[in-house]
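**Q** run-v7.txt is the file, holding compact mmCIF, C-alpha atoms and all ligand atoms:
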# COMPACT_ATOMS: atom_id res chain seq x y z
CA MET A 1 22.18 24.05 -28.56
CA ALA A 2 19.56 23.37 -25.90
CA VAL A 3 19.02 20.50 -23.48
CA LEU A 4 15.52 19.12 -23.03
CA VAL A 5 14.89 18.03 -19.44
CA THR A 6 11.83 15.82 -19.02
CA GLY A 7 10.57 15.72 -15.44
CA GLY A 8 12.55 18.89 -14.75
CA ALA A 9 10.03 20.07 -12.14
CA GLY A 10 10.64 17.03 -9.93
CA TYR A 11 13.08 16.69 -7.07
CA ILE A 12 16.26 15.54 -8.84
CA GLY A 13 15.19 17.11 -12.15
CA SER A 14 14.79 20.61 -10.71
CA HIS A 15 18.19 20.48 -8.99
CA THR A 16 19.77 19.34 -12.25
CA VAL A 17 18.08 22.22 -14.10
CA LEU A 18 19.56 24.59 -11.53
CA TRP A 19 23.02 23.10 -12.09
CA LEU A 20 22.67 23.29 -15.90
CA LYS A 21 21.60 26.93 -15.68
CA GLN A 22 24.58 27.75 -13.50
CA ALA A 23 26.80 26.03 -16.09
CA GLY A 24 25.34 28.30 -18.80
CA GLU A 25 23.24 25.70 -20.64
CA GLU A 26 20.02 26.58 -22.46
CA VAL A 27 17.41 24.41 -20.78
CA ILE A 28 13.90 23.44 -21.94
CA VAL A 29 11.83 21.78 -19.20
CA TYR A 30 8.97 19.41 -19.99
CA ASP A 31 6.88 18.16 -17.07
CA ASN A 32 3.24 17.17 -16.62
CA LEU A 33 3.27 18.54 -13.04
CA GLN A 34 1.60 15.38 -11.74
CA LYS A 35 4.25 15.27 -9.00
CA GLY A 36 6.54 18.13 -9.95
CA HIS A 37 6.25 21.80 -8.99
CA ARG A 38 6.28 24.69 -11.43
CA GLU A 39 7.95 26.83 -8.77
CA ALA A 40 10.89 24.42 -8.61
CA VAL A 41 11.84 25.21 -12.22
CA LEU A 42 14.27 28.11 -12.18
CA GLY A 43 14.47 30.08 -15.40
CA ASP A 44 14.22 29.39 -19.13
CA VAL A 45 11.46 27.68 -21.05
CA PHE A 46 8.82 25.51 -19.43
CA TYR A 47 6.24 23.32 -21.16
CA ARG A 48 3.55 21.52 -19.24
CA GLY A 49 2.87 18.23 -20.92
CA ASP A 50 3.14 14.50 -20.97
CA LEU A 51 5.48 12.13 -22.80
CA HIS A 52 2.40 10.55 -24.35
CA ASP A 53 1.54 13.83 -26.07
CA GLU A 54 3.39 13.24 -29.32
CA ASP A 55 2.21 16.49 -30.91
CA GLN A 56 3.62 18.58 -28.11
CA LEU A 57 6.92 16.70 -28.20
CA ASP A 58 7.04 17.35 -31.93
CA GLU A 59 6.43 21.02 -31.37
CA ILE A 60 9.22 21.25 -28.80
CA PHE A 61 11.75 19.48 -31.03
CA SER A 62 10.72 21.74 -33.96
CA LYS A 63 10.90 24.98 -32.03
CA HIS A 64 14.23 24.47 -30.27
CA SER A 65 17.65 23.24 -31.40
CA ILE A 66 17.92 20.36 -28.96
CA ASP A 67 21.08 18.23 -29.07
CA ALA A 68 20.51 16.23 -25.88
CA VAL A 69 17.78 15.05 -23.53
CA ILE A 70 18.04 14.42 -19.80
CA HIS A 71 15.14 12.13 -19.04
CA PHE A 72 13.71 12.10 -15.50
CA ALA A 73 9.97 11.97 -16.18
CA ALA A 74 8.72 8.78 -14.52
CA ASN A 75 6.76 7.30 -11.67
CA SER A 76 9.19 6.33 -8.95
CA LEU A 77 7.53 4.78 -5.90
CA VAL A 78 8.37 1.15 -5.22
CA GLY A 79 5.22 0.36 -3.22
CA GLU A 80 2.91 2.02 -5.75
CA SER A 81 4.62 0.11 -8.57
CA VAL A 82 3.83 -3.20 -6.87
CA GLN A 83 0.18 -2.20 -6.52
CA ASP A 84 -0.23 -0.84 -10.03
CA PRO A 85 2.50 -2.26 -12.28
CA LEU A 86 0.66 -1.46 -15.50
CA ALA A 87 0.72 2.26 -14.67
CA TYR A 88 4.50 1.97 -14.34
CA TYR A 89 4.82 0.20 -17.69
CA GLU A 90 2.55 2.82 -19.28
CA ASN A 91 4.26 5.89 -17.84
CA ASN A 92 7.85 4.72 -17.63
CA VAL A 93 8.32 2.23 -20.44
CA VAL A 94 5.77 3.50 -22.99
CA GLY A 95 6.53 7.15 -22.14
CA SER A 96 10.28 6.58 -22.63
CA TYR A 97 9.67 4.62 -25.83
CA LEU A 98 7.68 7.53 -27.29
CA LEU A 99 10.39 9.99 -26.29
CA VAL A 100 13.20 7.86 -27.70
CA ARG A 101 11.28 7.22 -30.90
CA LYS A 102 10.84 10.96 -31.32
CA MET A 103 14.54 11.53 -30.67
CA VAL A 104 15.48 8.98 -33.33
CA GLU A 105 13.02 10.55 -35.80
CA ARG A 106 14.47 13.97 -35.09
CA GLY A 107 18.13 12.91 -35.10
CA VAL A 108 18.75 13.87 -31.45
CA GLU A 109 21.50 11.47 -30.45
CA ASN A 110 22.33 12.02 -26.76
CA ILE A 111 20.30 11.00 -23.73
CA VAL A 112 21.12 10.95 -20.02
CA PHE A 113 18.69 8.60 -18.34
CA SER A 114 17.57 8.67 -14.73
CA SER A 115 17.91 5.08 -13.55
CA THR A 116 18.08 3.56 -10.10
CA ALA A 117 19.76 1.16 -7.70
CA ALA A 118 16.42 -0.70 -7.77
CA THR A 119 17.62 -2.26 -11.05
CA TYR A 120 19.90 -4.52 -8.96
CA GLY A 121 17.25 -5.91 -6.61
CA GLU A 122 18.67 -7.78 -3.60
CA PRO A 123 22.44 -7.40 -4.01
CA LEU A 124 24.70 -10.43 -3.73
CA LYS A 125 27.50 -8.21 -2.39
CA VAL A 126 28.20 -4.59 -1.44
CA PRO A 127 29.49 -2.21 -2.59
CA ILE A 128 27.48 -2.85 -5.76
CA GLU A 129 29.27 -2.50 -9.09
CA GLU A 130 27.68 -1.82 -12.45
CA GLU A 131 28.49 -5.32 -13.75
CA ASP A 132 26.69 -7.01 -10.85
CA PRO A 133 23.48 -8.95 -11.63
CA THR A 134 20.35 -6.90 -12.25
CA ILE A 135 17.36 -8.77 -10.85
CA PRO A 136 14.77 -6.16 -9.85
CA THR A 137 12.38 -7.10 -7.08
CA ASN A 138 9.65 -4.61 -8.03
CA PRO A 139 8.03 -3.16 -11.17
CA TYR A 140 9.68 0.24 -10.62
CA GLY A 141 13.19 -1.24 -10.95
CA GLU A 142 11.98 -3.57 -13.70
CA THR A 143 10.66 -0.68 -15.84
CA LYS A 144 13.87 1.33 -15.40
CA LEU A 145 15.93 -1.69 -16.41
CA ALA A 146 13.71 -2.27 -19.45
CA ILE A 147 14.40 1.32 -20.54
CA GLU A 148 18.16 0.90 -20.02
CA ARG A 149 18.02 -2.14 -22.28
CA MET A 150 15.95 -0.33 -24.89
CA LEU A 151 18.62 2.40 -24.91
CA LYS A 152 21.36 -0.17 -25.38
CA TRP A 153 19.68 -1.57 -28.49
CA ALA A 154 18.81 1.92 -29.76
CA ASP A 155 22.52 2.77 -29.56
CA GLN A 156 23.42 -0.28 -31.61
CA ALA A 157 20.70 0.25 -34.22
CA TYR A 158 20.44 4.03 -34.53
CA GLY A 159 23.56 5.46 -32.88
CA LEU A 160 21.57 7.01 -30.01
CA LYS A 161 24.17 7.43 -27.27
CA SER A 162 23.06 7.13 -23.65
CA VAL A 163 24.36 7.47 -20.14
CA CYS A 164 22.24 5.67 -17.55
CA LEU A 165 22.74 6.90 -14.00
CA ARG A 166 21.74 4.49 -11.25
CA TYR A 167 21.10 6.59 -8.17
CA PHE A 168 21.20 5.28 -4.66
CA ASN A 169 19.32 7.36 -2.02
CA ALA A 170 18.91 10.96 -3.17
CA ALA A 171 18.69 13.41 -0.26
CA GLY A 172 19.43 17.01 0.74
CA ALA A 173 18.53 20.24 -1.05
CA ASP A 174 20.08 23.15 -2.91
CA PRO A 175 22.62 24.59 -0.41
CA GLU A 176 21.37 28.10 -1.29
CA GLY A 177 17.89 27.06 -0.18
CA GLN A 178 16.04 28.06 -3.36
CA ILE A 179 14.63 24.60 -4.04
CA GLY A 180 14.29 21.31 -2.19
CA GLU A 181 12.29 18.13 -1.77
CA ASP A 182 8.47 18.12 -1.71
CA HIS A 183 6.59 14.88 -2.36
CA THR A 184 2.92 14.22 -1.70
CA PRO A 185 2.58 11.80 -0.07
CA GLU A 186 6.09 11.83 1.40
CA THR A 187 7.55 8.33 1.69
CA HIS A 188 11.29 9.01 2.03
CA LEU A 189 13.11 8.64 5.30
CA ILE A 190 14.93 11.97 5.71
CA PRO A 191 12.00 14.30 4.88
CA ILE A 192 9.72 12.21 7.09
CA VAL A 193 12.15 12.48 10.02
CA LEU A 194 12.45 16.24 9.45
CA GLN A 195 8.66 16.57 9.38
CA CYS A 196 8.73 15.05 12.87
CA ALA A 197 11.31 17.66 13.89
CA LEU A 198 8.93 20.35 12.60
CA GLY A 199 6.08 18.90 14.66
CA GLN A 200 4.12 17.88 11.56
CA ARG A 201 4.25 14.19 12.49
CA GLU A 202 4.28 12.62 15.93
CA SER A 203 6.90 9.99 15.23
CA VAL A 204 8.84 8.17 12.54
CA SER A 205 8.23 4.48 11.96
CA VAL A 206 11.39 2.42 11.67
CA PHE A 207 10.57 -0.25 9.10
CA GLY A 208 12.16 -3.35 10.61
CA GLU A 209 14.68 -3.80 13.39
CA ASP A 210 15.60 -7.39 12.65
CA TYR A 211 17.78 -7.02 9.56
CA PRO A 212 21.24 -8.60 9.58
CA THR A 213 22.95 -5.24 10.24
CA ALA A 214 24.76 -3.89 13.33
CA ASP A 215 21.66 -2.18 14.80
CA GLY A 216 19.11 -4.29 12.94
CA THR A 217 17.85 -1.45 10.68
CA CYS A 218 18.34 -1.09 6.92
CA ILE A 219 21.51 0.49 5.59
CA ARG A 220 21.42 2.89 2.63
CA ASP A 221 23.89 5.06 0.72
CA TYR A 222 22.61 8.68 0.86
CA ILE A 223 23.80 10.98 -1.89
CA HIS A 224 23.33 14.75 -2.05
CA VAL A 225 20.89 15.84 -4.76
CA MET A 226 23.34 18.52 -6.01
CA ASP A 227 25.99 15.81 -6.40
CA LEU A 228 23.51 13.91 -8.55
CA ALA A 229 22.92 17.12 -10.51
CA GLN A 230 26.66 17.50 -11.07
CA ALA A 231 26.82 13.93 -12.40
CA HIS A 232 24.09 14.62 -14.98
CA TYR A 233 26.00 17.59 -16.26
CA LEU A 234 29.25 15.61 -16.48
CA ALA A 235 27.41 12.79 -18.27
CA LEU A 236 26.02 15.27 -20.77
CA GLU A 237 29.45 16.75 -21.42
CA LYS A 238 30.94 13.29 -21.84
CA LEU A 239 28.26 12.25 -24.31
CA ARG A 240 28.78 15.37 -26.36
CA ALA A 241 32.57 15.04 -26.32
CA THR A 242 33.10 11.29 -26.72
CA ARG A 243 29.77 9.87 -28.02
CA VAL A 244 30.25 6.78 -25.86
CA SER A 245 27.39 5.18 -23.94
CA GLY A 246 27.72 3.95 -20.36
CA ILE A 247 26.03 2.96 -17.11
CA TYR A 248 27.14 4.47 -13.78
CA ASN A 249 26.26 4.08 -10.11
CA LEU A 250 25.95 7.27 -8.09
CA GLY A 251 26.39 7.01 -4.34
CA ASN A 252 28.92 7.95 -1.68
CA GLY A 253 30.08 4.40 -1.00
CA THR A 254 29.17 4.74 2.69
CA GLY A 255 26.14 3.21 4.33
CA PHE A 256 24.04 4.60 7.18
CA SER A 257 21.37 2.68 9.06
CA VAL A 258 17.86 4.07 9.58
CA GLN A 259 18.76 4.56 13.26
CA GLU A 260 21.93 6.47 12.33
CA VAL A 261 19.95 8.72 9.99
CA ILE A 262 17.44 9.49 12.74
CA GLU A 263 20.28 10.24 15.20
CA THR A 264 21.94 12.55 12.68
CA CYS A 265 18.62 14.38 12.22
CA ARG A 266 18.28 14.73 16.00
CA ARG A 267 21.77 16.26 16.19
CA VAL A 268 21.20 18.66 13.28
CA THR A 269 17.74 19.83 14.38
CA GLY A 270 18.18 19.68 18.16
CA GLU A 271 14.75 18.00 18.35
CA ALA A 272 13.93 14.74 20.15
CA ILE A 273 12.17 13.04 17.14
CA PRO A 274 10.39 9.99 18.55
CA ALA A 275 10.93 6.74 16.61
CA VAL A 276 8.76 3.63 16.84
CA VAL A 277 9.58 0.22 15.47
CA ALA A 278 7.21 -0.97 12.74
CA PRO A 279 7.10 -4.06 10.51
CA ARG A 280 9.51 -4.37 7.59
CA ARG A 281 8.46 -2.66 4.36
CA ALA A 282 7.99 -5.18 1.55
CA GLY A 283 10.85 -5.33 -0.93
CA ASP A 284 13.45 -3.48 1.16
CA PRO A 285 16.93 -5.03 0.82
CA ALA A 286 18.94 -4.97 4.07
CA VAL A 287 21.96 -3.11 2.68
CA LEU A 288 22.43 -0.99 -0.45
CA ILE A 289 25.80 0.66 -0.93
CA ALA A 290 27.23 1.84 -4.24
CA SER A 291 30.64 1.58 -5.70
CA SER A 292 30.87 4.81 -7.71
CA ASP A 293 34.48 4.30 -8.78
CA LYS A 294 33.47 4.07 -12.42
CA ALA A 295 31.63 7.44 -12.36
CA MET A 296 34.59 9.05 -10.64
CA ARG A 297 37.05 7.55 -13.08
CA GLU A 298 35.15 8.01 -16.34
CA LEU A 299 32.97 11.06 -15.70
CA GLY A 300 35.38 12.87 -13.38
CA TRP A 301 32.59 12.96 -10.78
CA LYS A 302 33.49 14.00 -7.25
CA PRO A 303 30.70 14.46 -4.72
CA GLN A 304 30.96 17.87 -3.04
CA TYR A 305 28.76 17.02 -0.05
CA PRO A 306 29.51 13.42 0.93
CA ASP A 307 28.96 13.98 4.65
CA LEU A 308 25.53 12.85 5.96
CA GLU A 309 25.40 15.72 8.45
CA THR A 310 25.78 18.24 5.59
CA ILE A 311 23.12 16.46 3.53
CA VAL A 312 20.69 16.57 6.46
CA THR A 313 21.58 20.21 7.26
CA HIS A 314 20.73 21.32 3.71
CA ALA A 315 17.48 19.34 3.80
CA TRP A 316 16.64 20.85 7.21
CA ASN A 317 17.29 24.41 6.02
CA TRP A 318 14.86 23.82 3.16
CA HIS A 319 12.13 22.22 5.30
CA LYS A 320 12.43 24.93 7.96
CA SER A 321 12.14 27.72 5.40
CA ARG A 322 9.26 26.02 3.49
CA PRO A 323 7.46 23.84 6.05
CA GLN A 324 4.54 23.33 3.67
CA GLY A 325 6.74 22.82 0.61
CA TYR A 326 6.05 24.58 -2.70
CA GLY A 327 3.10 26.70 -3.60
CA LYS A 328 1.21 26.26 -0.40
N1 LIG B 401 12.28 3.98 6.15
C1 LIG B 401 11.79 3.87 7.43
N2 LIG B 401 10.72 4.64 7.78
C2 LIG B 401 10.11 5.50 6.91
C3 LIG B 401 10.62 5.62 5.59
C4 LIG B 401 11.71 4.83 5.25
O1 LIG B 401 12.31 3.10 8.25
O2 LIG B 401 9.12 6.15 7.29
C5 LIG B 401 13.46 3.17 5.75
C6 LIG B 401 13.22 2.26 4.55
O3 LIG B 401 12.72 1.02 4.96
C7 LIG B 401 14.63 2.17 3.96
C8 LIG B 401 15.27 3.50 4.31
O4 LIG B 401 14.47 4.06 5.37
O5 LIG B 401 15.36 1.16 4.59
C9 LIG B 401 15.27 4.49 3.15
O6 LIG B 401 13.97 4.53 2.62
P1 LIG B 401 13.52 5.60 1.55
O7 LIG B 401 12.05 5.38 1.30
O8 LIG B 401 13.94 6.95 1.98
O9 LIG B 401 14.36 5.25 0.25
P2 LIG B 401 14.51 3.86 -0.58
O10 LIG B 401 15.65 3.13 0.07
O11 LIG B 401 13.21 3.15 -0.52
O12 LIG B 401 14.86 4.34 -1.95
Show this structure as structure tokens.

**A**
Amino acid sequence: MAVLVTGGAGYIGSHTVLWLKQAGEEVIVYDNLQKGHREAVLGDVFYRGDLHDEDQLDEIFSKHSIDAVIHFAANSLVGESVQDPLAYYENNVVGSYLLVRKMVERGVENIVFSSTAATYGEPLKVPIEEEDPTIPTNPYGETKLAIERMLKWADQAYGLKSVCLRYFNAAGADPEGQIGEDHTPETHLIPIVLQCALGQRESVSVFGEDYPTADGTCIRDYIHVMDLAQAHYLALEKLRATRVSGIYNLGNGTGFSVQEVIETCRRVTGEAIPAVVAPRRAGDPAVLIASSDKAMRELGWKPQYPDLETIVTHAWNWHKSRPQGYGK
């Protein structure tokens, strides 16, 4: 049986494909390459296409014996979602609806869904647990939550089983250095800081120094992308074995401030990396830290690279070896 991975050419998708391949799974990747990179997809079958292309989805489900879908394909930038919410409803909600409808039609009953900590919004307490209130503060989180809820009802009505994985801050790269992170434009903290270390940017802007944290900068829970990949595989195995749906946080349970991340990058790269204070970025909660106890308990998940220095080292190895990213 094969696994269909939508968005498998993206950052977390491509690392999950790598993990699945190493675990001996047959993997079919479907990606429109709007943001993803063909070169990031290692091995097996690749289709370029969009979730809105129902004929192509039909063809894929007809051609291959697919028993499960891992669904990454989505737009995922908070700021962009605030500026163009309808695009996020179209691509994320409508795209997922079309995929899920096709799965139900075709009798494919397992889906692992790429969700996000943005479903919680401003947390009332940390570490955040799965039962905590979900009050998204931007359309990105709102669309992901809408899809989670659609999956819940689809389970009840049609027996479609789902695992929704709420990631905190994905970072790092394949430790072997074959693939890594490459976004255009880049908005994430660690790659931006490493671009400074490479001399591609003059400085990093620190978005806000007046948060109620020890050094005044935002605190986030950084999780290695290969640890996320591992979790997707475990979720898939659990769905196949137990046919029980669930929602899980994925983070290390440790928070690092923006300043601490920059200092870690300075240590790893040996570069000065100038930082300048800038205004707060709209919609940024002060502190986001996950409790991942449930994933550890129920999925048997154990992050292999919990240490920030290791995460940054793997990211740095990738950026040094491919300073212009993929295909450039
Ligand atoms: N950040 C920053 N400067 C940047 C990019 C990000 O200070 O150039 C901060 C951002 O405000 C947040 C943290 O770094 O507090 C992580 O941001 P990122 O965009 O990497 O991930 P997010 O938390 O938005 O998922």

**Q** Give as a CSV table (one decimal) with C-alpha atoms, in the frame of the given file the residues surrounding ligand LIG 401 (chain B) up to a distance of 6 Å, considering all atoms listed in the file.

**A**
chain,number,residue,atom,x,y,z
A,169,ASN,CA,19.3,7.4,-2.0
A,187,THR,CA,7.6,8.3,1.7
A,188,HIS,CA,11.3,9.0,2.0
A,189,LEU,CA,13.1,8.6,5.3
A,204,VAL,CA,8.8,8.2,12.5
A,205,SER,CA,8.2,4.5,12.0
A,206,VAL,CA,11.4,2.4,11.7
A,207,PHE,CA,10.6,-0.2,9.1
A,218,CYS,CA,18.3,-1.1,6.9
A,258,VAL,CA,17.9,4.1,9.6
A,281,ARG,CA,8.5,-2.7,4.4
A,284,ASP,CA,13.4,-3.5,1.2

**Q** Nearest residue to A:Asn110 out of A:Glu181, A:Asp210, A:Glu237, A:Asp132, using only C-alpha atoms?

**A** A:Glu237

**Q** Take atom CA of A:Gly270 and atom CA of A:Gln200 and report the distance between them in Å, one decimal.

**A**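 That distance, rounded to one decimal, is 15.6 Å.
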
**Q** Within 12 Å of A:Asp53, counting all atoms listed in the file, which residues show up once you throw out same-chain ones fewer than 3 positions away? Write them as a list in words, please.

**A** Tyr30, Asp31, Asn32, Tyr47, Arg48, Gly49, Asp50, Gln56, Leu57, Asp58, Glu59, Ile60, Asn91, Val94, Gly95, Ser96, Leu98, Leu99 and Lys102 of chain A

**Q** Excluding stretch 320-323 of chain A and residues on its chain fewer than 6 positions from it, collect all residues at most 9 Å away from it, counting all atoms listed in the file, and give them as a list in words.

**A** Gly177, Gly180, Leu194, Gln195, Leu198 and Gln200 of chain A

**Q** Ranking A:Glu260, A:Asp221, A:Asp155, A:Asp55 by minimum distance to A:Ala171 and counting all atoms listed in the file, which one comes first?

**A**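 Among the listed residues, the smallest separation from A:Ala171 belongs to A:Asp221.
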
**Q** Compile the contact shell of stretch 303-311 of chain A as a PyMOL selection string: residues with an atom at most 6 Å away, counting all atoms listed in the file, same-chain residues fewer than 3 positions apart removed.

**A** chain A and resi 172+224+227+314

**Q** For atom CA of A:Tyr167 and atom CA of A:Leu228, quote the distance in Å rounded to one decimal.

**A**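 Separating atom CA of A:Tyr167 from atom CA of A:Leu228 is a distance of 7.7 Å.
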
**Q** Find, counting all atoms listed in the file, the residue in A:Ala23, A:Leu18, A:Ile273, A:Gly246 that gets nearest to A:Ala173.

**A**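 Residue with the minimum atom-to-atom distance to A:Ala173: A:Leu18.
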
**Q** Using atom CA of A:Ala170 and atom CA of A:Tyr222 as the two end points, give the distance in Å to one decimal.

**A** 5.9 Å

**Q** Which is closer to A:Ala295 than all the others in A:Ala241, A:Gly141, A:Trp316, A:Glu130, using all atoms listed in the file?

**A**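 Checking each of A:Ala241, A:Gly141, A:Trp316, A:Glu130 against A:Ala295, counting all atoms listed in the file, the winner is A:Glu130.
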
**Q** Closest to A:Ala290 among A:Tyr89, A:Tyr120, A:Tyr326, A:Trp318, using all atoms listed in the file?

**A**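 Nearest to A:Ala290: A:Tyr120.
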
**Q** Could I see stretch 184-193 of chain A restored to all heavy atoms, set down as an mmCIF file, keeping the file's coordinate frame?

**A**
data_model
loop_
_atom_site.group_PDB
_atom_site.id
_atom_site.type_symbol
_atom_site.label_atom_id
_atom_site.label_comp_id
_atom_site.auth_asym_id
_atom_site.auth_seq_id
_atom_site.Cartn_x
_atom_site.Cartn_y
_atom_site.Cartn_z
ATOM 1 N N THR A 184 4.202 14.495 -2.341
ATOM 2 C CA THR A 184 2.920 14.220 -1.700
ATOM 3 C C THR A 184 2.360 12.920 -2.265
ATOM 4 O O THR A 184 2.101 12.861 -3.463
ATOM 5 C CB THR A 184 1.903 15.350 -1.978
ATOM 6 O OG1 THR A 184 2.501 16.588 -1.609
ATOM 7 C CG2 THR A 184 0.635 15.139 -1.179
ATOM 8 N N PRO A 185 2.189 11.879 -1.475
ATOM 9 C CA PRO A 185 2.580 11.800 -0.070
ATOM 10 C C PRO A 185 4.100 11.641 0.041
ATOM 11 O O PRO A 185 4.737 11.152 -0.888
ATOM 12 C CB PRO A 185 1.864 10.529 0.398
ATOM 13 C CG PRO A 185 1.783 9.670 -0.832
ATOM 14 C CD PRO A 185 1.619 10.612 -1.994
ATOM 15 N N GLU A 186 4.651 12.036 1.180
ATOM 16 C CA GLU A 186 6.090 11.830 1.400
ATOM 17 C C GLU A 186 6.308 10.398 1.883
ATOM 18 O O GLU A 186 5.591 9.916 2.753
ATOM 19 C CB GLU A 186 6.600 12.824 2.458
ATOM 20 C CG GLU A 186 8.101 12.824 2.593
ATOM 21 C CD GLU A 186 8.818 12.992 1.247
ATOM 22 O OE1 GLU A 186 8.862 14.116 0.711
ATOM 23 O OE2 GLU A 186 9.323 11.973 0.734
ATOM 24 N N THR A 187 7.264 9.709 1.274
ATOM 25 C CA THR A 187 7.550 8.330 1.690
ATOM 26 C C THR A 187 9.012 8.171 2.100
ATOM 27 O O THR A 187 9.384 7.128 2.628
ATOM 28 C CB THR A 187 7.284 7.337 0.530
ATOM 29 O OG1 THR A 187 8.160 7.665 -0.557
ATOM 30 C CG2 THR A 187 5.844 7.378 0.063
ATOM 31 N N HIS A 188 9.850 9.168 1.810
ATOM 32 C CA HIS A 188 11.290 9.010 2.030
ATOM 33 C C HIS A 188 11.701 9.321 3.463
ATOM 34 O O HIS A 188 11.117 10.189 4.111
ATOM 35 C CB HIS A 188 12.061 9.880 1.038
ATOM 36 C CG HIS A 188 11.809 9.482 -0.381
ATOM 37 N ND1 HIS A 188 11.003 10.195 -1.217
ATOM 38 C CD2 HIS A 188 12.227 8.398 -1.079
ATOM 39 C CE1 HIS A 188 10.935 9.577 -2.390
ATOM 40 N NE2 HIS A 188 11.675 8.487 -2.324
ATOM 41 N N LEU A 189 12.738 8.606 3.881
ATOM 42 C CA LEU A 189 13.110 8.640 5.300
ATOM 43 C C LEU A 189 13.471 10.048 5.796
ATOM 44 O O LEU A 189 12.898 10.522 6.784
ATOM 45 C CB LEU A 189 14.277 7.671 5.545
ATOM 46 C CG LEU A 189 14.771 7.622 6.989
ATOM 47 C CD1 LEU A 189 13.671 7.093 7.924
ATOM 48 C CD2 LEU A 189 16.018 6.759 7.105
ATOM 49 N N ILE A 190 14.419 10.709 5.153
ATOM 50 C CA ILE A 190 14.930 11.970 5.710
ATOM 51 C C ILE A 190 13.835 13.039 5.795
ATOM 52 O O ILE A 190 13.636 13.635 6.865
ATOM 53 C CB ILE A 190 16.206 12.435 4.972
ATOM 54 C CG1 ILE A 190 17.343 11.442 5.302
ATOM 55 C CG2 ILE A 190 16.585 13.875 5.349
ATOM 56 C CD1 ILE A 190 18.665 11.695 4.596
ATOM 57 N N PRO A 191 13.062 13.303 4.730
ATOM 58 C CA PRO A 191 12.000 14.300 4.880
ATOM 59 C C PRO A 191 10.967 13.918 5.940
ATOM 60 O O PRO A 191 10.461 14.797 6.655
ATOM 61 C CB PRO A 191 11.359 14.396 3.492
ATOM 62 C CG PRO A 191 11.980 13.355 2.656
ATOM 63 C CD PRO A 191 13.225 12.874 3.326
ATOM 64 N N ILE A 192 10.682 12.626 6.067
ATOM 65 C CA ILE A 192 9.720 12.210 7.090
ATOM 66 C C ILE A 192 10.269 12.516 8.489
ATOM 67 O O ILE A 192 9.575 13.058 9.350
ATOM 68 C CB ILE A 192 9.374 10.704 6.935
ATOM 69 C CG1 ILE A 192 8.399 10.547 5.759
ATOM 70 C CG2 ILE A 192 8.773 10.129 8.215
ATOM 71 C CD1 ILE A 192 8.002 9.119 5.444
ATOM 72 N N VAL A 193 11.549 12.209 8.702
ATOM 73 C CA VAL A 193 12.150 12.480 10.020
ATOM 74 C C VAL A 193 12.145 13.984 10.288
ATOM 75 O O VAL A 193 11.854 14.433 11.404
ATOM 76 C CB VAL A 193 13.586 11.902 10.080
ATOM 77 C CG1 VAL A 193 14.246 12.238 11.405
ATOM 78 C CG2 VAL A 193 13.565 10.398 9.883
#
